file my_file.tsv (TSV, C-alpha atoms)
chain	number	residue	atom	x	y	z
M	1	MET	CA	5.56	-13.31	-6.94
M	2	GLN	CA	4.22	-13.14	-10.46
M	3	VAL	CA	0.64	-12.16	-11.03
M	4	PRO	CA	-1.14	-14.46	-13.50
M	5	ILE	CA	-2.92	-12.61	-16.30
M	6	LEU	CA	-5.75	-14.38	-18.09
M	7	LYS	CA	-7.47	-13.37	-21.28
M	8	GLN	CA	-11.23	-13.66	-21.25
M	9	GLY	CA	-12.89	-12.44	-24.42
M	10	ALA	CA	-11.91	-8.82	-24.94
M	11	TYR	CA	-10.65	-8.47	-21.38
M	12	LEU	CA	-7.48	-9.16	-19.45
M	13	ILE	CA	-7.86	-10.30	-15.86
M	14	ALA	CA	-4.90	-9.99	-13.50
M	15	THR	CA	-5.53	-11.79	-10.22
M	16	VAL	CA	-3.20	-10.89	-7.40
M	17	GLN	CA	-2.60	-14.07	-5.39
M	18	SER	CA	-0.51	-12.87	-2.47
M	19	ALA	CA	1.36	-9.87	-1.07
M	20	LEU	CA	3.32	-7.98	-3.73
M	21	THR	CA	6.65	-6.23	-3.35
M	22	ASP	CA	7.22	-2.87	-5.03
M	23	GLU	CA	9.16	-4.68	-7.75
M	24	ASP	CA	6.24	-7.09	-8.34
M	25	LEU	CA	3.84	-4.16	-8.63
M	26	LYS	CA	6.03	-2.42	-11.20
M	27	GLN	CA	6.32	-5.63	-13.16
M	28	LEU	CA	2.55	-6.07	-13.15
M	29	ARG	CA	2.13	-2.50	-14.41
M	30	ASP	CA	4.65	-2.96	-17.22
M	31	THR	CA	3.26	-6.34	-18.27
M	32	LEU	CA	-0.33	-5.07	-18.39
M	33	VAL	CA	0.53	-2.00	-20.44
M	34	VAL	CA	2.25	-4.17	-23.05
M	35	SER	CA	-0.28	-7.04	-23.01
M	36	VAL	CA	-3.26	-4.79	-23.62
M	37	SER	CA	-2.20	-4.21	-27.22
M	38	LYS	CA	-0.82	-7.71	-27.81
M	39	VAL	CA	-4.24	-9.23	-27.28
M	40	ARG	CA	-6.17	-6.10	-28.35
M	41	ALA	CA	-7.95	-6.01	-25.02
M	42	ARG	CA	-10.73	-3.47	-24.45
M	43	GLY	CA	-10.67	-3.80	-20.73
M	44	VAL	CA	-8.39	-4.80	-17.88
M	45	ILE	CA	-9.45	-6.05	-14.47
M	46	VAL	CA	-7.00	-6.08	-11.59
M	47	ASP	CA	-8.37	-8.26	-8.80
M	48	VAL	CA	-6.82	-7.23	-5.48
M	49	THR	CA	-9.05	-9.36	-3.22
M	50	ALA	CA	-5.97	-11.13	-1.83
M	51	LEU	CA	-4.18	-7.92	-0.81
M	52	ASP	CA	-4.31	-7.19	2.92
M	53	VAL	CA	-2.46	-3.90	2.50
M	54	ILE	CA	-2.70	-1.28	-0.25
M	55	ASP	CA	-0.22	1.39	0.77
M	56	SER	CA	0.87	4.59	-0.96
M	57	PHE	CA	3.17	2.85	-3.42
M	58	ALA	CA	0.58	0.24	-4.40
M	59	THR	CA	-2.05	2.95	-4.85
M	60	ARG	CA	0.23	5.03	-7.01
M	61	THR	CA	1.11	2.01	-9.15
M	62	LEU	CA	-2.54	0.97	-9.59
M	63	ARG	CA	-3.39	4.53	-10.55
M	64	ASP	CA	-0.53	4.53	-13.07
M	65	VAL	CA	-1.76	1.23	-14.53
M	66	ALA	CA	-5.25	2.66	-15.07
M	67	HIS	CA	-3.93	5.87	-16.63
M	68	MET	CA	-1.45	4.11	-18.91
M	69	ILE	CA	-4.05	1.62	-20.06
M	70	ARG	CA	-6.52	4.42	-20.77
M	71	LEU	CA	-3.84	6.03	-22.93
M	72	ARG	CA	-3.59	2.73	-24.76
M	73	GLY	CA	-7.32	2.89	-25.47
M	74	ALA	CA	-8.71	0.43	-22.93
M	75	GLU	CA	-10.47	0.64	-19.56
M	76	THR	CA	-9.23	-0.61	-16.20
M	77	VAL	CA	-11.29	-1.69	-13.22
M	78	ILE	CA	-9.78	-2.45	-9.82
M	79	VAL	CA	-11.90	-5.05	-8.06
M	80	GLY	CA	-12.00	-6.62	-4.61
M	81	ILE	CA	-10.61	-3.93	-2.31
M	82	GLN	CA	-11.34	-5.36	1.16
M	83	PRO	CA	-13.25	-3.23	3.70
M	84	GLU	CA	-10.34	-2.94	6.15
M	85	VAL	CA	-8.01	-2.09	3.28
M	86	ALA	CA	-10.38	0.66	2.11
M	87	PHE	CA	-10.49	1.99	5.68
M	88	SER	CA	-6.69	2.13	5.94
M	89	MET	CA	-6.33	3.74	2.52
M	90	VAL	CA	-8.73	6.54	3.41
M	91	LYS	CA	-7.05	7.13	6.79
M	92	LEU	CA	-3.68	7.30	5.08
M	93	GLY	CA	-5.08	9.88	2.66
M	94	LEU	CA	-5.10	7.72	-0.45
M	95	SER	CA	-7.72	7.78	-3.13
M	96	LEU	CA	-8.27	6.16	-6.49
M	97	GLU	CA	-10.04	9.19	-7.88
M	98	GLY	CA	-10.84	8.86	-11.56
M	99	ILE	CA	-10.19	5.11	-11.42
M	100	SER	CA	-13.04	2.65	-11.77
M	101	THR	CA	-13.53	0.16	-8.97
M	102	SER	CA	-16.01	-2.65	-8.46
M	103	LEU	CA	-16.96	-4.88	-5.57
M	104	ASP	CA	-15.73	-8.10	-7.18
M	105	LEU	CA	-14.77	-9.76	-10.45
M	106	GLU	CA	-18.37	-10.31	-11.51
M	107	GLU	CA	-19.27	-6.66	-11.00
M	108	GLY	CA	-16.07	-5.60	-12.76
M	109	LEU	CA	-16.91	-7.67	-15.83
M	110	ALA	CA	-20.46	-6.29	-15.87
M	111	TYR	CA	-19.04	-2.76	-15.67
M	112	LEU	CA	-16.74	-3.33	-18.64
M	113	ASP	CA	-19.58	-4.89	-20.63
M	114	ARG	CA	-21.72	-1.80	-20.04
M	115	LYS	CA	-18.83	0.49	-20.98
M	116	GLY	CA	-18.18	-1.49	-24.15
M	117	LYS	CA	-21.75	-0.91	-25.32
M	118	GLY	CA	-21.39	2.85	-24.95
M	119	PRO	CA	-20.69	5.33	-27.76
M	120	GLU	CA	-16.92	5.24	-27.22
M	121	ARG	CA	-16.77	1.80	-28.79
M	122	GLU	CA	-17.33	3.52	-32.13
M	123	VAL	CA	-14.39	5.82	-31.54
M	124	ARG	CA	-12.10	2.91	-30.75
M	125	THR	CA	-12.64	1.30	-34.14
M	126	HIS	CA	-10.59	4.11	-35.73
M	127	ARG	CA	-7.11	2.87	-35.06
G	1	MET	CA	3.43	5.05	28.09
G	2	ARG	CA	7.19	5.30	28.53
G	3	SER	CA	6.96	2.88	31.44
G	4	ALA	CA	4.98	0.35	29.43
G	5	LEU	CA	5.74	-3.29	29.88
G	6	ILE	CA	7.14	-5.02	26.83
G	7	ALA	CA	5.47	-8.39	26.35
G	8	ASP	CA	7.04	-9.51	23.14
G	9	GLU	CA	9.19	-8.10	20.39
G	10	VAL	CA	10.34	-8.86	16.87
G	11	ARG	CA	13.17	-7.19	14.98
G	12	VAL	CA	13.04	-6.98	11.20
G	13	PRO	CA	16.13	-5.73	9.35
G	14	ILE	CA	15.14	-3.58	6.38
G	15	ASP	CA	17.42	-3.27	3.38
G	16	ARG	CA	15.41	-4.21	0.33
G	17	ASP	CA	11.98	-4.13	-1.17
G	18	ALA	CA	10.92	-7.56	0.04
G	19	ASP	CA	11.67	-6.63	3.67
G	20	ILE	CA	8.78	-4.15	3.55
G	21	VAL	CA	6.39	-7.06	2.99
G	22	ILE	CA	8.10	-9.17	5.69
G	23	ALA	CA	7.89	-6.34	8.24
G	24	ARG	CA	4.20	-5.73	7.73
G	25	GLN	CA	3.40	-9.44	7.86
G	26	LYS	CA	5.33	-9.82	11.15
G	27	GLY	CA	3.53	-6.78	12.51
G	28	ARG	CA	0.18	-8.20	11.57
G	29	GLU	CA	1.04	-11.52	13.29
G	30	LEU	CA	2.11	-9.74	16.45
G	31	ALA	CA	-0.96	-7.51	16.51
G	32	SER	CA	-3.27	-10.48	16.01
G	33	GLN	CA	-1.66	-12.16	19.07
G	34	CYS	CA	-2.77	-9.11	20.98
G	35	GLY	CA	-6.35	-9.64	19.77
G	36	PHE	CA	-6.59	-6.74	17.32
G	37	LEU	CA	-9.62	-6.72	15.05
G	38	SER	CA	-9.13	-7.05	11.30
G	39	THR	CA	-9.47	-3.31	10.63
G	40	ASP	CA	-6.78	-2.57	13.19
G	41	LEU	CA	-4.55	-5.28	11.74
G	42	ALA	CA	-4.79	-3.65	8.33
G	43	VAL	CA	-4.13	-0.22	9.84
G	44	VAL	CA	-1.00	-1.41	11.68
G	45	ALA	CA	0.27	-3.31	8.63
G	46	THR	CA	-0.24	-0.27	6.39
G	47	ALA	CA	1.62	2.01	8.80
G	48	ILE	CA	4.53	-0.45	8.97
G	49	SER	CA	4.60	-0.59	5.18
G	50	GLU	CA	4.94	3.19	4.92
G	51	LEU	CA	7.66	3.38	7.59
G	52	ALA	CA	9.63	0.49	6.08
G	53	ARG	CA	9.45	2.00	2.62
G	54	ASN	CA	10.76	5.30	3.92
G	55	ILE	CA	13.79	3.40	5.26
G	56	VAL	CA	14.46	1.67	1.92
G	57	ARG	CA	13.88	4.85	-0.07
G	58	TYR	CA	15.75	7.41	1.98
G	59	ALA	CA	18.25	5.51	4.13
G	60	ALA	CA	18.79	2.30	2.12
G	61	ARG	CA	18.82	0.26	5.33
G	62	GLY	CA	17.56	0.24	8.87
G	63	GLU	CA	15.38	-1.74	11.21
G	64	ILE	CA	11.78	-2.12	12.24
G	65	LEU	CA	11.22	-3.15	15.84
G	66	LEU	CA	7.77	-4.49	16.61
G	67	ARG	CA	6.56	-4.79	20.19
G	68	LEU	CA	3.49	-5.74	22.09
G	69	VAL	CA	3.10	-3.17	24.84
G	70	ASN	CA	0.94	-3.00	27.92
G	71	ASP	CA	0.16	0.24	29.68
G	72	ASN	CA	-1.77	-0.47	32.90
G	73	GLY	CA	-3.85	-3.14	31.24
G	74	LYS	CA	-4.22	-1.22	27.97
G	75	ARG	CA	-2.70	-3.41	25.27
G	76	GLY	CA	-1.22	-2.30	22.03
G	77	VAL	CA	1.43	-2.56	19.36
G	78	GLU	CA	4.48	-0.34	19.12
G	79	VAL	CA	6.48	0.04	15.92
G	80	VAL	CA	9.92	1.65	16.01
G	81	ALA	CA	11.47	2.39	12.62
G	82	THR	CA	15.14	3.31	12.87
G	83	ASP	CA	17.72	4.21	10.26
G	84	GLU	CA	21.09	5.88	10.08
G	85	GLY	CA	20.27	7.61	6.84
G	86	PRO	CA	20.58	11.28	5.88
G	87	GLY	CA	17.90	12.44	8.33
G	88	ILE	CA	15.10	14.85	7.54
G	89	PRO	CA	16.25	18.46	7.17
G	90	ASP	CA	12.81	20.03	7.62
G	91	LEU	CA	10.49	17.94	9.79
G	92	PRO	CA	7.40	20.19	9.72
G	93	LEU	CA	7.61	20.16	5.92
G	94	ALA	CA	8.01	16.36	5.84
G	95	MET	CA	4.87	16.06	7.97
G	96	GLN	CA	2.79	17.94	5.42
G	97	ASP	CA	0.47	16.02	3.14
G	98	GLY	CA	1.77	15.87	-0.39
G	99	TYR	CA	5.35	16.85	0.32
G	100	SER	CA	7.92	14.39	-1.02
G	101	THR	CA	11.55	14.60	-2.08
G	102	SER	CA	11.43	11.25	-3.87
G	103	GLY	CA	8.55	11.72	-6.29
G	104	GLY	CA	6.21	9.74	-4.04
G	105	LEU	CA	2.74	10.81	-2.99
G	106	GLY	CA	4.07	12.49	0.14
G	107	LEU	CA	1.56	10.74	2.38
G	108	GLY	CA	3.86	8.33	4.22
G	109	LEU	CA	4.58	10.26	7.41
G	110	PRO	CA	1.42	12.37	7.76
G	111	GLY	CA	-0.69	9.36	6.75
G	112	THR	CA	1.04	7.10	9.27
G	113	ARG	CA	0.32	9.66	11.97
G	114	ARG	CA	-3.37	9.57	11.03
G	115	LEU	CA	-3.42	5.76	11.07
G	116	MET	CA	-1.89	5.33	14.51
G	117	ASP	CA	-2.88	6.57	18.00
G	118	GLU	CA	0.57	7.88	18.94
G	119	PHE	CA	3.35	9.18	16.73
G	120	GLU	CA	6.83	10.43	17.61
G	121	ILE	CA	9.63	11.31	15.25
G	122	VAL	CA	13.24	12.17	15.98
G	123	SER	CA	15.51	13.05	13.10
G	124	ASP	CA	19.09	14.24	13.24
G	125	PHE	CA	20.17	15.74	9.96
G	126	GLY	CA	23.11	13.65	8.80
G	127	LYS	CA	22.63	10.97	11.47
G	128	GLY	CA	19.34	9.25	10.92
G	129	THR	CA	15.68	9.04	11.80
G	130	THR	CA	13.63	7.17	14.37
G	131	VAL	CA	9.86	7.03	14.13
G	132	THR	CA	7.89	5.46	16.98
G	133	VAL	CA	4.18	4.76	16.57
G	134	ARG	CA	1.63	2.95	18.70
G	135	ARG	CA	-1.85	1.69	18.23
G	136	TRP	CA	-3.96	0.57	21.18
G	137	LYS	CA	-6.44	-2.25	21.14
G	138	ARG	CA	-10.00	-0.91	20.99

call {"tool": "encode", "arguments": {"input": "my_file.tsv", "output": "structure tokens"}}
result
Amino acid sequence: MQVPILKQGAYLIATVQSALTDEDLKQLRDTLVVSVSKVRARGVIVDVTALDVIDSFATRTLRDVAHMIRLRGAETVIVGIQPEVAFSMVKLGLSLEGISTSLDLEEGLAYLDRKGKGPEREVRTHR
Amino acid sequence: MRSALIADEVRVPIDRDADIVIARQKGRELASQCGFLSTDLAVVATAISELARNIVRYAARGEILLRLVNDNGKRGVEVVATDEGPGIPDLPLAMQDGYSTSGGLGLGLPGTRRLMDEFEIVSDFGKGTTVTVRRWKR
């Protein structure tokens, strides 16, 4: 199950549509890390509203995505974690510490817009 | 609980990545038949996901047996994850948060125990592992 990735302005938006296998998750990670430079994106949003389970592997992969993309000079926001998914993640012992999350796509975009206006935008112009 | 009545059961063979998703979806379906609330459905599905991944990662293949159980009117879901893999040499260590021999987060077994109401594990080094977990309807 491929995850469609759309470009909107300076951002990439990956919208998960259905359950993902481990292989799908790895593919999403690899595609995002490459795409971020192809389109010179400043931010990436991964919308996981459709996921009914975020287990240890999915958490680790999402964390890796955010770290890799930060190393590439852009920001990642995970949006749409469902309440029962959040509950299960915490019980399992999982956290997305250091990773930005937002309630939904709208909030995620607003977050990236705010970030983009900060002082680090200056830094990013030195390539 | 050992005398519990088995109302319904589903067997899911596990030998590749995609079976992890199938197993947790079947588990969710079964638990929703039993009237579990959405939080409990997510909890059961997450536990199944961890157990199924352990099978793929450590034993290559095995089976997940999903059952609706009834203990004197108390209804619940039982998940039995069985494999004939290498077994776990040091169980207490494997039950510790953060311990992993595969580079994972090491939360699969201890986390599954936290998610479910009952947790039993039997592992024979060299012969395989069986994990049985249950969650009761609130």

call {"tool": "closest_residue", "arguments": {"input": "my_file.tsv", "among": "G:Leu37, G:Ala81, G:Val69, G:Leu109", "to": "Arg24 of chain G", "atoms": "only C-alpha atoms"}}
result
G:Ala81

call {"tool": "atom_distance", "arguments": {"input": "my_file.tsv", "atom1": "atom CA of Glu23 of chain M", "atom2": "atom CA of Ile5 of chain M"}}
result
16.8 Å

call {"tool": "interface_residues", "arguments": {"input": "my_file.tsv", "of": "chain G", "to": "chain M", "cutoff": "10 Å", "atoms": "all atoms listed in the file", "output": "PyMOL selection string"}}
result
chain G and resi 16-22+24-25+28+37-50+53+97-98+104-116

call {"tool": "atom_distance", "arguments": {"input": "my_file.tsv", "atom1": "atom CA of Pro4 of chain M", "atom2": "atom CA of Asp47 of chain M"}}
result
10.6 Å

call {"tool": "atom_distance", "arguments": {"input": "my_file.tsv", "atom1": "atom CA of Val65 of chain M", "atom2": "atom CA of Ala110 of chain M"}}
result
20.2 Å

call {"tool": "closest_residue", "arguments": {"input": "my_file.tsv", "among": "G:Val56, G:Glu120, G:Arg135, G:Pro92", "to": "Asp71 of chain G", "atoms": "only C-alpha atoms"}}
result
G:Arg135

call {"tool": "closest_residue", "arguments": {"input": "my_file.tsv", "among": "G:Ile121, G:Ile55, G:Val77, G:Leu66", "to": "Leu91 of chain G", "atoms": "all atoms listed in the file"}}
result
G:Ile121

call {"tool": "residues_around", "arguments": {"input": "my_file.tsv", "residues": "Phe125 of chain G", "least_positions_apart": "6", "cutoff": "12 Å", "atoms": "all atoms listed in the file", "output": "PyMOL selection string"}}
result
chain G and resi 59+83-91

call {"tool": "residues_around", "arguments": {"input": "my_file.tsv", "residues": "Leu28 of chain M", "least_positions_apart": "6", "cutoff": "9 Å", "atoms": "only C-alpha atoms", "output": "short mmCIF file (atom, residue, chain, number, x, y, z; two decimals) with C-alpha atoms, keeping the file's coordinate frame"}}
result
data_model
loop_
_atom_site.label_atom_id
_atom_site.label_comp_id
_atom_site.auth_asym_id
_atom_site.auth_seq_id
_atom_site.Cartn_x
_atom_site.Cartn_y
_atom_site.Cartn_z
CA GLN M 2 4.22 -13.14 -10.46
CA VAL M 3 0.64 -12.16 -11.03
CA ALA M 14 -4.90 -9.99 -13.50
CA VAL M 65 -1.76 1.23 -14.53
#

call {"tool": "closest_residue", "arguments": {"input": "my_file.tsv", "among": "M:Val44, M:Val39, M:Ile81, M:Val34", "to": "Tyr11 of chain M", "atoms": "only C-alpha atoms"}}
result
M:Val44

call {"tool": "decode", "arguments": {"input": "my_file.tsv", "residues": "segment 36-57 of chain G", "atoms": "N, CA and C atoms", "output": "PDB file, in the first residue's frame"}}
result
ATOM      1  N   PHE G  36     -16.240  -5.038  22.490  1.00  0.00           N
ATOM      2  CA  PHE G  36     -15.174  -4.207  23.053  1.00  0.00           C
ATOM      3  C   PHE G  36     -15.321  -2.752  22.597  1.00  0.00           C
ATOM      4  N   LEU G  37     -14.965  -1.833  23.446  1.00  0.00           N
ATOM      5  CA  LEU G  37     -14.969  -0.421  23.089  1.00  0.00           C
ATOM      6  C   LEU G  37     -13.743  -0.113  22.237  1.00  0.00           C
ATOM      7  N   SER G  38     -13.763   1.053  21.575  1.00  0.00           N
ATOM      8  CA  SER G  38     -12.707   1.334  20.597  1.00  0.00           C
ATOM      9  C   SER G  38     -11.314   1.368  21.220  1.00  0.00           C
ATOM     10  N   THR G  39     -11.198   1.844  22.466  1.00  0.00           N
ATOM     11  CA  THR G  39      -9.875   1.853  23.105  1.00  0.00           C
ATOM     12  C   THR G  39      -9.364   0.424  23.284  1.00  0.00           C
ATOM     13  N   ASP G  40     -10.273  -0.462  23.726  1.00  0.00           N
ATOM     14  CA  ASP G  40      -9.865  -1.850  23.923  1.00  0.00           C
ATOM     15  C   ASP G  40      -9.552  -2.541  22.605  1.00  0.00           C
ATOM     16  N   LEU G  41     -10.255  -2.158  21.548  1.00  0.00           N
ATOM     17  CA  LEU G  41      -9.954  -2.731  20.229  1.00  0.00           C
ATOM     18  C   LEU G  41      -8.537  -2.353  19.814  1.00  0.00           C
ATOM     19  N   ALA G  42      -8.181  -1.095  20.031  1.00  0.00           N
ATOM     20  CA  ALA G  42      -6.840  -0.642  19.660  1.00  0.00           C
ATOM     21  C   ALA G  42      -5.781  -1.333  20.514  1.00  0.00           C
ATOM     22  N   VAL G  43      -6.093  -1.526  21.785  1.00  0.00           N
ATOM     23  CA  VAL G  43      -5.159  -2.177  22.703  1.00  0.00           C
ATOM     24  C   VAL G  43      -4.898  -3.626  22.263  1.00  0.00           C
ATOM     25  N   VAL G  44      -5.987  -4.350  21.969  1.00  0.00           N
ATOM     26  CA  VAL G  44      -5.854  -5.748  21.544  1.00  0.00           C
ATOM     27  C   VAL G  44      -5.091  -5.824  20.213  1.00  0.00           C
ATOM     28  N   ALA G  45      -5.446  -4.950  19.273  1.00  0.00           N
ATOM     29  CA  ALA G  45      -4.783  -4.967  17.968  1.00  0.00           C
ATOM     30  C   ALA G  45      -3.292  -4.661  18.097  1.00  0.00           C
ATOM     31  N   THR G  46      -2.947  -3.746  18.993  1.00  0.00           N
ATOM     32  CA  THR G  46      -1.535  -3.385  19.175  1.00  0.00           C
ATOM     33  C   THR G  46      -0.758  -4.549  19.782  1.00  0.00           C
ATOM     34  N   ALA G  47      -1.369  -5.221  20.756  1.00  0.00           N
ATOM     35  CA  ALA G  47      -0.714  -6.379  21.371  1.00  0.00           C
ATOM     36  C   ALA G  47      -0.480  -7.483  20.334  1.00  0.00           C
ATOM     37  N   ILE G  48      -1.488  -7.736  19.498  1.00  0.00           N
ATOM     38  CA  ILE G  48      -1.347  -8.760  18.462  1.00  0.00           C
ATOM     39  C   ILE G  48      -0.215  -8.389  17.506  1.00  0.00           C
ATOM     40  N   SER G  49      -0.136  -7.110  17.184  1.00  0.00           N
ATOM     41  CA  SER G  49       0.901  -6.641  16.272  1.00  0.00           C
ATOM     42  C   SER G  49       2.297  -6.932  16.826  1.00  0.00           C
ATOM     43  N   GLU G  50       2.481  -6.668  18.113  1.00  0.00           N
ATOM     44  CA  GLU G  50       3.783  -6.914  18.741  1.00  0.00           C
ATOM     45  C   GLU G  50       4.114  -8.406  18.761  1.00  0.00           C
ATOM     46  N   LEU G  51       3.114  -9.227  19.113  1.00  0.00           N
ATOM     47  CA  LEU G  51       3.356 -10.675  19.201  1.00  0.00           C
ATOM     48  C   LEU G  51       3.641 -11.263  17.817  1.00  0.00           C
ATOM     49  N   ALA G  52       2.892 -10.802  16.814  1.00  0.00           N
ATOM     50  CA  ALA G  52       3.088 -11.320  15.455  1.00  0.00           C
ATOM     51  C   ALA G  52       4.449 -10.899  14.913  1.00  0.00           C
ATOM     52  N   ARG G  53       4.863  -9.685  15.238  1.00  0.00           N
ATOM     53  CA  ARG G  53       6.167  -9.239  14.743  1.00  0.00           C
ATOM     54  C   ARG G  53       7.291 -10.031  15.385  1.00  0.00           C
ATOM     55  N   ASN G  54       7.140 -10.356  16.660  1.00  0.00           N
ATOM     56  CA  ASN G  54       8.147 -11.193  17.313  1.00  0.00           C
ATOM     57  C   ASN G  54       8.300 -12.528  16.579  1.00  0.00           C
ATOM     58  N   ILE G  55       7.177 -13.097  16.131  1.00  0.00           N
ATOM     59  CA  ILE G  55       7.233 -14.366  15.398  1.00  0.00           C
ATOM     60  C   ILE G  55       8.043 -14.185  14.107  1.00  0.00           C
ATOM     61  N   VAL G  56       7.679 -13.158  13.327  1.00  0.00           N
ATOM     62  CA  VAL G  56       8.363 -12.933  12.046  1.00  0.00           C
ATOM     63  C   VAL G  56       9.853 -12.663  12.277  1.00  0.00           C
ATOM     64  N   ARG G  57      10.142 -11.875  13.298  1.00  0.00           N
ATOM     65  CA  ARG G  57      11.522 -11.439  13.514  1.00  0.00           C
ATOM     66  C   ARG G  57      12.417 -12.533  14.082  1.00  0.00           C
TER      67      ARG G  57
END
